>>> print(open('final.pdb').read())   # PDB, C-alpha atoms, pLDDT in the B column
ATOM      1  CA  ASP A   1     -25.717   7.542  12.264  1.00 62.00           C
ATOM      2  CA  ALA A   2     -23.465   6.097   9.551  1.00 81.00           C
ATOM      3  CA  GLY A   3     -20.873   8.376   8.064  1.00 93.00           C
ATOM      4  CA  VAL A   4     -19.853   8.641   4.425  1.00 97.00           C
ATOM      5  CA  ILE A   5     -19.318   5.159   3.059  1.00 97.00           C
ATOM      6  CA  GLN A   6     -16.888   4.465   0.249  1.00 98.00           C
ATOM      7  CA  SER A   7     -16.119   1.290  -1.621  1.00 97.00           C
ATOM      8  CA  PRO A   8     -13.857  -0.396  -2.384  1.00 97.00           C
ATOM      9  CA  ARG A   9     -11.292   0.527   0.285  1.00 96.00           C
ATOM     10  CA  HIS A  10      -8.500  -0.807  -1.877  1.00 96.00           C
ATOM     11  CA  GLU A  11      -8.360  -1.454  -5.604  1.00 96.00           C
ATOM     12  CA  VAL A  12      -5.444  -2.813  -7.573  1.00 97.00           C
ATOM     13  CA  THR A  13      -5.887  -2.950 -11.309  1.00 97.00           C
ATOM     14  CA  GLU A  14      -3.918  -3.037 -14.489  1.00 97.00           C
ATOM     15  CA  MET A  15      -3.429  -0.146 -16.838  1.00 97.00           C
ATOM     16  CA  GLY A  16      -6.254   0.168 -19.308  1.00 96.00           C
ATOM     17  CA  GLN A  17      -8.907  -1.332 -17.056  1.00 97.00           C
ATOM     18  CA  GLU A  18     -12.036   0.489 -15.975  1.00 97.00           C
ATOM     19  CA  VAL A  19     -12.257   1.503 -12.340  1.00 98.00           C
ATOM     20  CA  THR A  20     -15.455   2.469 -10.533  1.00 98.00           C
ATOM     21  CA  LEU A  21     -15.386   4.007  -7.084  1.00 98.00           C
ATOM     22  CA  ARG A  22     -18.570   4.318  -5.083  1.00 98.00           C
ATOM     23  CA  CYS A  23     -19.823   6.647  -2.405  1.00 98.00           C
ATOM     24  CA  LYS A  24     -22.849   6.824  -0.151  1.00 98.00           C
ATOM     25  CA  PRO A  25     -23.120  10.258   1.461  1.00 97.00           C
ATOM     26  CA  ILE A  26     -24.628  11.010   4.835  1.00 95.00           C
ATOM     27  CA  SER A  27     -28.390  10.948   4.588  1.00 94.00           C
ATOM     28  CA  GLY A  28     -29.869  14.418   4.149  1.00 91.00           C
ATOM     29  CA  HIS A  29     -26.677  16.093   3.010  1.00 91.00           C
ATOM     30  CA  ASP A  30     -27.073  18.268  -0.070  1.00 89.00           C
ATOM     31  CA  TYR A  31     -23.466  18.483  -1.262  1.00 90.00           C
ATOM     32  CA  LEU A  32     -21.150  15.713  -2.374  1.00 94.00           C
ATOM     33  CA  PHE A  33     -17.474  16.136  -3.201  1.00 94.00           C
ATOM     34  CA  TRP A  34     -14.893  13.872  -4.833  1.00 96.00           C
ATOM     35  CA  TYR A  35     -11.260  14.528  -3.882  1.00 95.00           C
ATOM     36  CA  ARG A  36      -7.993  12.906  -4.861  1.00 95.00           C
ATOM     37  CA  GLN A  37      -4.960  12.854  -2.593  1.00 91.00           C
ATOM     38  CA  THR A  38      -1.422  12.311  -3.823  1.00 86.00           C
ATOM     39  CA  MET A  39       1.967  13.006  -2.306  1.00 80.00           C
ATOM     40  CA  MET A  40       2.790  15.460  -5.077  1.00 79.00           C
ATOM     41  CA  ARG A  41      -0.434  17.468  -5.235  1.00 80.00           C
ATOM     42  CA  GLY A  42      -2.038  17.000  -1.837  1.00 82.00           C
ATOM     43  CA  LEU A  43      -5.848  17.137  -1.702  1.00 88.00           C
ATOM     44  CA  GLU A  44      -7.382  18.038  -5.076  1.00 89.00           C
ATOM     45  CA  LEU A  45     -11.066  18.678  -5.605  1.00 91.00           C
ATOM     46  CA  LEU A  46     -12.206  16.744  -8.672  1.00 94.00           C
ATOM     47  CA  ILE A  47     -15.919  17.492  -8.832  1.00 94.00           C
ATOM     48  CA  TYR A  48     -18.821  18.395  -6.573  1.00 92.00           C
ATOM     49  CA  PHE A  49     -22.569  18.052  -6.703  1.00 93.00           C
ATOM     50  CA  ASN A  50     -25.389  20.080  -5.189  1.00 90.00           C
ATOM     51  CA  ASN A  51     -28.669  18.180  -4.854  1.00 91.00           C
ATOM     52  CA  ASN A  52     -27.351  15.553  -7.308  1.00 94.00           C
ATOM     53  CA  VAL A  53     -26.457  18.156  -9.951  1.00 94.00           C
ATOM     54  CA  PRO A  54     -22.773  18.582 -10.900  1.00 93.00           C
ATOM     55  CA  ILE A  55     -21.735  22.142 -10.065  1.00 89.00           C
ATOM     56  CA  ASP A  56     -18.046  22.251 -10.883  1.00 88.00           C
ATOM     57  CA  ASP A  57     -16.056  19.525 -12.628  1.00 92.00           C
ATOM     58  CA  SER A  58     -13.084  21.699 -13.531  1.00 89.00           C
ATOM     59  CA  GLY A  59     -10.864  19.581 -11.307  1.00 90.00           C
ATOM     60  CA  MET A  60     -11.472  16.404 -13.270  1.00 94.00           C
ATOM     61  CA  PRO A  61      -8.069  15.663 -14.840  1.00 87.00           C
ATOM     62  CA  GLU A  62      -9.267  14.568 -18.263  1.00 85.00           C
ATOM     63  CA  ASP A  63     -12.007  12.849 -20.184  1.00 91.00           C
ATOM     64  CA  ARG A  64     -11.015   9.482 -18.779  1.00 95.00           C
ATOM     65  CA  PHE A  65     -12.644  10.594 -15.525  1.00 97.00           C
ATOM     66  CA  SER A  66     -16.395  10.819 -15.100  1.00 97.00           C
ATOM     67  CA  ALA A  67     -18.683  11.126 -12.096  1.00 97.00           C
ATOM     68  CA  LYS A  68     -22.382  10.625 -11.629  1.00 97.00           C
ATOM     69  CA  MET A  69     -24.894  11.082  -8.872  1.00 97.00           C
ATOM     70  CA  PRO A  70     -28.089   9.331  -9.952  1.00 97.00           C
ATOM     71  CA  ASN A  71     -29.794   9.969  -6.612  1.00 95.00           C
ATOM     72  CA  ALA A  72     -29.201  11.620  -3.252  1.00 95.00           C
ATOM     73  CA  SER A  73     -27.732   8.505  -1.681  1.00 95.00           C
ATOM     74  CA  PHE A  74     -25.237   7.319  -4.283  1.00 96.00           C
ATOM     75  CA  SER A  75     -22.389   8.603  -6.433  1.00 98.00           C
ATOM     76  CA  THR A  76     -19.757   6.994  -8.611  1.00 98.00           C
ATOM     77  CA  LEU A  77     -16.385   8.107  -9.916  1.00 98.00           C
ATOM     78  CA  LYS A  78     -15.269   6.184 -12.975  1.00 98.00           C
ATOM     79  CA  ILE A  79     -11.865   6.071 -14.633  1.00 97.00           C
ATOM     80  CA  GLN A  80     -11.739   4.513 -18.084  1.00 96.00           C
ATOM     81  CA  PRO A  81      -9.126   3.608 -19.144  1.00 96.00           C
ATOM     82  CA  SER A  82      -7.021   3.773 -16.005  1.00 96.00           C
ATOM     83  CA  GLU A  83      -3.345   4.731 -16.051  1.00 96.00           C
ATOM     84  CA  PRO A  84      -0.543   4.312 -13.462  1.00 96.00           C
ATOM     85  CA  ARG A  85      -0.578   8.069 -12.778  1.00 94.00           C
ATOM     86  CA  ASP A  86      -4.140   7.727 -11.519  1.00 96.00           C
ATOM     87  CA  SER A  87      -2.821   5.852  -8.482  1.00 96.00           C
ATOM     88  CA  ALA A  88      -3.951   7.827  -5.451  1.00 96.00           C
ATOM     89  CA  VAL A  89      -6.395   7.837  -2.565  1.00 96.00           C
ATOM     90  CA  TYR A  90      -9.817   9.043  -3.657  1.00 97.00           C
ATOM     91  CA  PHE A  91     -12.027  10.598  -1.005  1.00 97.00           C
ATOM     92  CA  CYS A  92     -15.717  11.280  -1.073  1.00 97.00           C
ATOM     93  CA  ALA A  93     -17.152  13.894   1.281  1.00 95.00           C
ATOM     94  CA  SER A  94     -20.609  15.270   1.938  1.00 93.00           C
ATOM     95  CA  SER A  95     -21.970  18.375   3.603  1.00 89.00           C
ATOM     96  CA  LEU A  96     -25.233  20.054   4.548  1.00 84.00           C
ATOM     97  CA  VAL A  97     -24.646  23.520   3.151  1.00 73.00           C
ATOM     98  CA  SER A  98     -28.265  24.654   3.175  1.00 68.00           C
ATOM     99  CA  GLU A  99     -28.427  24.369   6.946  1.00 64.00           C
ATOM    100  CA  ARG A 100     -28.232  27.644   8.831  1.00 56.00           C
ATOM    101  CA  PRO A 101     -25.909  28.417  10.482  1.00 57.00           C
ATOM    102  CA  ASN A 102     -23.542  26.545   8.235  1.00 63.00           C
ATOM    103  CA  THR A 103     -20.286  25.362   9.755  1.00 65.00           C
ATOM    104  CA  GLY A 104     -18.890  24.605   6.323  1.00 68.00           C
ATOM    105  CA  GLU A 105     -17.822  21.224   7.617  1.00 82.00           C
ATOM    106  CA  LEU A 106     -17.229  18.401   5.188  1.00 88.00           C
ATOM    107  CA  PHE A 107     -17.632  14.824   6.345  1.00 92.00           C
ATOM    108  CA  PHE A 108     -15.176  12.510   4.633  1.00 95.00           C
ATOM    109  CA  GLY A 109     -15.288   8.823   3.934  1.00 96.00           C
ATOM    110  CA  GLU A 110     -12.286   6.636   4.675  1.00 95.00           C
ATOM    111  CA  GLY A 111     -11.109   6.795   1.091  1.00 96.00           C
ATOM    112  CA  SER A 112     -10.477   4.336  -1.738  1.00 97.00           C
ATOM    113  CA  ARG A 113      -6.820   3.587  -2.360  1.00 97.00           C
ATOM    114  CA  LEU A 114      -6.314   2.942  -6.072  1.00 97.00           C
ATOM    115  CA  THR A 115      -3.187   1.342  -7.483  1.00 97.00           C
ATOM    116  CA  VAL A 116      -2.877   1.068 -11.244  1.00 97.00           C
ATOM    117  CA  LEU A 117      -0.066  -1.224 -12.362  1.00 96.00           C
TER     118      LEU A 117
ATOM    119  CA  ASP B   1      -1.148  29.456  -7.736  1.00 66.00           C
ATOM    120  CA  GLN B   2      -1.600  28.218  -4.180  1.00 76.00           C
ATOM    121  CA  GLN B   3      -4.226  30.310  -2.427  1.00 89.00           C
ATOM    122  CA  VAL B   4      -3.772  28.504   0.885  1.00 93.00           C
ATOM    123  CA  LYS B   5      -0.254  27.718   2.001  1.00 93.00           C
ATOM    124  CA  GLN B   6       1.065  25.613   4.825  1.00 94.00           C
ATOM    125  CA  ASN B   7       4.782  26.179   4.561  1.00 90.00           C
ATOM    126  CA  SER B   8       5.875  23.614   7.124  1.00 93.00           C
ATOM    127  CA  PRO B   9       5.548  20.071   5.783  1.00 93.00           C
ATOM    128  CA  SER B  10       6.249  18.682   9.245  1.00 96.00           C
ATOM    129  CA  LEU B  11       6.559  19.738  12.861  1.00 97.00           C
ATOM    130  CA  SER B  12       7.894  17.837  15.850  1.00 97.00           C
ATOM    131  CA  VAL B  13       6.811  18.817  19.381  1.00 97.00           C
ATOM    132  CA  GLN B  14       7.431  17.365  22.817  1.00 98.00           C
ATOM    133  CA  GLU B  15       4.422  15.911  24.583  1.00 97.00           C
ATOM    134  CA  GLY B  16       2.888  18.446  26.956  1.00 97.00           C
ATOM    135  CA  ARG B  17       4.230  21.457  25.084  1.00 97.00           C
ATOM    136  CA  ILE B  18       2.352  23.765  22.736  1.00 98.00           C
ATOM    137  CA  SER B  19       2.021  22.900  19.033  1.00 98.00           C
ATOM    138  CA  ILE B  20       1.569  25.823  16.654  1.00 98.00           C
ATOM    139  CA  LEU B  21       0.578  25.123  13.064  1.00 98.00           C
ATOM    140  CA  ASN B  22       0.550  27.983  10.599  1.00 98.00           C
ATOM    141  CA  CYS B  23      -1.430  28.750   7.476  1.00 97.00           C
ATOM    142  CA  ASP B  24      -1.247  31.694   5.070  1.00 97.00           C
ATOM    143  CA  TYR B  25      -3.723  32.675   2.388  1.00 96.00           C
ATOM    144  CA  THR B  26      -3.661  35.090  -0.513  1.00 95.00           C
ATOM    145  CA  ASN B  27      -7.333  35.596  -1.375  1.00 91.00           C
ATOM    146  CA  SER B  28      -8.782  38.464   0.663  1.00 90.00           C
ATOM    147  CA  MET B  29     -12.281  37.238  -0.210  1.00 88.00           C
ATOM    148  CA  PHE B  30     -11.901  34.191   2.029  1.00 90.00           C
ATOM    149  CA  ASP B  31     -14.124  34.637   5.032  1.00 86.00           C
ATOM    150  CA  TYR B  32     -14.319  31.205   6.582  1.00 89.00           C
ATOM    151  CA  PHE B  33     -11.471  28.963   7.652  1.00 92.00           C
ATOM    152  CA  LEU B  34     -11.362  25.397   8.886  1.00 93.00           C
ATOM    153  CA  TRP B  35      -8.791  23.006  10.264  1.00 96.00           C
ATOM    154  CA  TYR B  36      -8.990  19.288   9.608  1.00 96.00           C
ATOM    155  CA  LYS B  37      -6.988  16.465  11.112  1.00 97.00           C
ATOM    156  CA  LYS B  38      -6.092  13.309   9.194  1.00 95.00           C
ATOM    157  CA  TYR B  39      -4.787  10.015  10.508  1.00 95.00           C
ATOM    158  CA  PRO B  40      -3.192   7.474   8.130  1.00 91.00           C
ATOM    159  CA  ALA B  41      -5.711   5.352   6.214  1.00 87.00           C
ATOM    160  CA  GLU B  42      -8.598   7.572   7.316  1.00 92.00           C
ATOM    161  CA  GLY B  43     -10.417  10.522   5.813  1.00 94.00           C
ATOM    162  CA  PRO B  44      -9.850  14.027   7.183  1.00 94.00           C
ATOM    163  CA  THR B  45     -12.034  14.976  10.126  1.00 94.00           C
ATOM    164  CA  PHE B  46     -13.171  18.447  11.054  1.00 92.00           C
ATOM    165  CA  LEU B  47     -11.361  19.986  14.014  1.00 95.00           C
ATOM    166  CA  ILE B  48     -12.230  23.659  14.419  1.00 94.00           C
ATOM    167  CA  SER B  49     -13.303  26.635  12.323  1.00 91.00           C
ATOM    168  CA  ILE B  50     -13.350  30.409  12.436  1.00 92.00           C
ATOM    169  CA  SER B  51     -15.194  33.055  10.477  1.00 89.00           C
ATOM    170  CA  SER B  52     -13.637  36.334   9.481  1.00 89.00           C
ATOM    171  CA  ILE B  53     -15.724  38.302  11.959  1.00 89.00           C
ATOM    172  CA  LYS B  54     -13.699  36.753  14.763  1.00 91.00           C
ATOM    173  CA  ASP B  55     -10.008  36.681  15.526  1.00 94.00           C
ATOM    174  CA  LYS B  56     -10.044  33.734  17.893  1.00 96.00           C
ATOM    175  CA  ASN B  57     -12.013  30.550  18.410  1.00 95.00           C
ATOM    176  CA  GLU B  58     -11.358  28.061  21.161  1.00 96.00           C
ATOM    177  CA  ASP B  59     -12.459  24.469  21.654  1.00 95.00           C
ATOM    178  CA  GLY B  60     -10.822  22.654  24.531  1.00 97.00           C
ATOM    179  CA  ARG B  61      -7.116  22.223  23.846  1.00 97.00           C
ATOM    180  CA  PHE B  62      -7.493  23.706  20.347  1.00 98.00           C
ATOM    181  CA  THR B  63      -7.476  27.419  19.548  1.00 98.00           C
ATOM    182  CA  VAL B  64      -7.460  29.009  16.122  1.00 97.00           C
ATOM    183  CA  PHE B  65      -6.243  32.574  15.681  1.00 98.00           C
ATOM    184  CA  LEU B  66      -6.996  34.677  12.616  1.00 97.00           C
ATOM    185  CA  ASN B  67      -5.009  37.752  11.565  1.00 96.00           C
ATOM    186  CA  LYS B  68      -6.886  39.164   8.584  1.00 94.00           C
ATOM    187  CA  SER B  69      -4.466  41.992   7.888  1.00 95.00           C
ATOM    188  CA  ALA B  70      -1.612  39.499   7.610  1.00 96.00           C
ATOM    189  CA  LYS B  71      -3.800  36.880   5.900  1.00 96.00           C
ATOM    190  CA  HIS B  72      -2.554  34.392   8.422  1.00 97.00           C
ATOM    191  CA  LEU B  73      -4.127  31.874  10.736  1.00 96.00           C
ATOM    192  CA  SER B  74      -2.670  29.507  13.250  1.00 98.00           C
ATOM    193  CA  LEU B  75      -3.812  26.486  15.192  1.00 98.00           C
ATOM    194  CA  HIS B  76      -2.575  26.121  18.756  1.00 98.00           C
ATOM    195  CA  ILE B  77      -2.763  22.805  20.558  1.00 98.00           C
ATOM    196  CA  VAL B  78      -1.980  22.901  24.249  1.00 97.00           C
ATOM    197  CA  PRO B  79      -0.977  20.691  25.853  1.00 97.00           C
ATOM    198  CA  SER B  80       0.061  18.431  22.957  1.00 98.00           C
ATOM    199  CA  GLN B  81      -0.735  14.744  23.346  1.00 97.00           C
ATOM    200  CA  PRO B  82       0.527  11.663  21.461  1.00 96.00           C
ATOM    201  CA  GLY B  83      -2.921  11.232  19.887  1.00 96.00           C
ATOM    202  CA  ASP B  84      -2.499  14.613  18.221  1.00 97.00           C
ATOM    203  CA  SER B  85       0.118  13.134  15.885  1.00 98.00           C
ATOM    204  CA  ALA B  86      -1.529  13.477  12.484  1.00 97.00           C
ATOM    205  CA  VAL B  87      -1.552  15.579   9.340  1.00 96.00           C
ATOM    206  CA  TYR B  88      -3.343  18.908   9.788  1.00 97.00           C
ATOM    207  CA  PHE B  89      -4.964  20.643   6.840  1.00 95.00           C
ATOM    208  CA  CYS B  90      -5.972  24.271   6.698  1.00 95.00           C
ATOM    209  CA  ALA B  91      -8.894  25.090   4.373  1.00 92.00           C
ATOM    210  CA  ALA B  92     -10.631  28.313   3.363  1.00 91.00           C
ATOM    211  CA  SER B  93     -13.832  29.370   1.662  1.00 86.00           C
ATOM    212  CA  ASP B  94     -15.315  32.587   0.315  1.00 80.00           C
ATOM    213  CA  SER B  95     -18.827  31.306  -0.012  1.00 68.00           C
ATOM    214  CA  PRO B  96     -19.844  28.898   2.691  1.00 60.00           C
ATOM    215  CA  TRP B  97     -23.490  29.754   2.282  1.00 59.00           C
ATOM    216  CA  ASP B  98     -24.179  29.672  -1.428  1.00 61.00           C
ATOM    217  CA  SER B  99     -24.352  27.178  -4.251  1.00 56.00           C
ATOM    218  CA  ASN B 100     -20.725  27.753  -5.284  1.00 60.00           C
ATOM    219  CA  TYR B 101     -19.472  26.504  -1.970  1.00 67.00           C
ATOM    220  CA  GLN B 102     -16.133  24.731  -2.014  1.00 75.00           C
ATOM    221  CA  LEU B 103     -13.048  24.645   0.169  1.00 83.00           C
ATOM    222  CA  ILE B 104      -9.529  25.577  -0.911  1.00 87.00           C
ATOM    223  CA  TRP B 105      -7.016  23.356   0.874  1.00 91.00           C
ATOM    224  CA  GLY B 106      -3.466  23.743   2.052  1.00 92.00           C
ATOM    225  CA  ALA B 107      -0.912  20.986   1.493  1.00 91.00           C
ATOM    226  CA  GLY B 108      -0.979  19.877   5.127  1.00 94.00           C
ATOM    227  CA  THR B 109       1.497  19.795   8.006  1.00 96.00           C
ATOM    228  CA  LYS B 110       2.492  16.520   9.616  1.00 96.00           C
ATOM    229  CA  LEU B 111       2.586  16.943  13.381  1.00 98.00           C
ATOM    230  CA  ILE B 112       4.650  14.486  15.393  1.00 98.00           C
ATOM    231  CA  ILE B 113       4.283  14.506  19.172  1.00 97.00           C
ATOM    232  CA  LYS B 114       7.326  13.030  20.872  1.00 96.00           C
ATOM    233  CA  PRO B 115       6.798  11.231  24.206  1.00 91.00           C
TER     234      PRO B 115
END
>>> encode(input="final.pdb", output="structure tokens")
Amino acid sequence: DAGVIQSPRHEVTEMGQEVTLRCKPISGHDYLFWYRQTMMRGLELLIYFNNNVPIDDSGMPEDRFSAKMPNASFSTLKIQPSEPRDSAVYFCASSLVSERPNTGELFFGEGSRLTVL
Amino acid sequence: DQQVKQNSPSLSVQEGRISILNCDYTNSMFDYFLWYKKYPAEGPTFLISISSIKDKNEDGRFTVFLNKSAKHLSLHIVPSQPGDSAVYFCAASDSPWDSNYQLIWGAGTKLIIKP
């Protein structure tokens, strides 16, 4: 069974450009999470969805960031306009929380490394 | 305010010896704890978990101990192997079974196993 799939793996862009990161969760999972990892702040939760509905977006840094989940098999994280301080590795993860018993385990993708020049 | 703290940024251990990674938390409502391992250029992968009704959970070379009164948990790896070299994250949750589910993460500890 395929794991969480993220694209692109690497993105280099110039300041001011729009960046779109994509994620395909594991089929059947009901939760999807977007994380950002930096040296300074470690792993930060940006937003998460339950059954395609955003539950908590309080971790989204500012209005330049937006995330959507139009269906159960696809989510995007968009940064517009991008800034150098957005450079980080962005992880998508999914989980089956409704399953009982629930291990609480998140399954992560390999990440998208974003560099904004 | 960091609710989950891993105070050692790195740890170096000789191959074959025991590795002990520590994690402290401040929120007494946390009742489920997980350890993840992360290799460079990969996403974190689940390693082992423990719920607050237990004080120990073992899986092969990996054992997690939970001390609720001290709000402390530790991951023991014995014997340590070169492939264990990675960053280890501790994570906690107070609601693993409801719609507000999310994990609170520590900053990670980089474990280096010396041959």
>>> closest_residue(input="final.pdb", among="A:Ser87, A:Ser112, A:Ser7, A:Gln80", to="chain B", atoms="all atoms listed in the file")
A:Ser112
>>> residues_around(input="final.pdb", residues="range 31-41 of chain B", least_positions_apart="6", cutoff="7 Å", atoms="all atoms listed in the file", output="list in words")
Glu110 of chain A; Leu47, Ile48, Ser49, Ile50, Ser51, Ser52, Ala86, Val87, Tyr88, Phe89, Cys90, Ala91, Ala92, Ser93 and Asp94 of chain B
>>> residues_around(input="final.pdb", residues="Ala107 in chain B", least_positions_apart="6", cutoff="10 Å", atoms="only C-alpha atoms", output="ChimeraX atom specification")
/A:37,39-44 /B:2,4-9,23,87-91
>>> atom_distance(input="final.pdb", atom1="CA of Lys71 in chain B", atom2="CA of Leu11 in chain B")
21.2 Å
>>> interface_residues(input="final.pdb", of="chain A", to="chain B", cutoff="12 Å", atoms="all atoms listed in the file", output="count of residues only")
59
>>> residues_around(input="final.pdb", residues="range 62-64 of chain B", least_positions_apart="4", cutoff="6 Å", atoms="all atoms listed in the file", output="compact mmCIF listing (two decimals) with C-alpha atoms, keeping the file's coordinate frame")
# COMPACT_ATOMS: atom_id res chain seq x y z
CA LYS B 56 -10.04 33.73 17.89
CA ASN B 57 -12.01 30.55 18.41
CA GLU B 58 -11.36 28.06 21.16
CA SER B 74 -2.67 29.51 13.25
CA LEU B 75 -3.81 26.49 15.19
CA HIS B 76 -2.58 26.12 18.76
CA ILE B 77 -2.76 22.80 20.56
>>> axis_aligned_box(input="final.pdb", around="range 29-44 of chain A", padding_each_side="4 Å", output="JSON")
{"center_x": -12.1, "center_y": 15.4, "center_z": -1.1, "size_x": 37.9, "size_y": 14.2, "size_z": 16.2}
>>> atom_distance(input="final.pdb", atom1="CA of Lys24 in chain A", atom2="CA of Ala67 in chain A")
13.4 Å
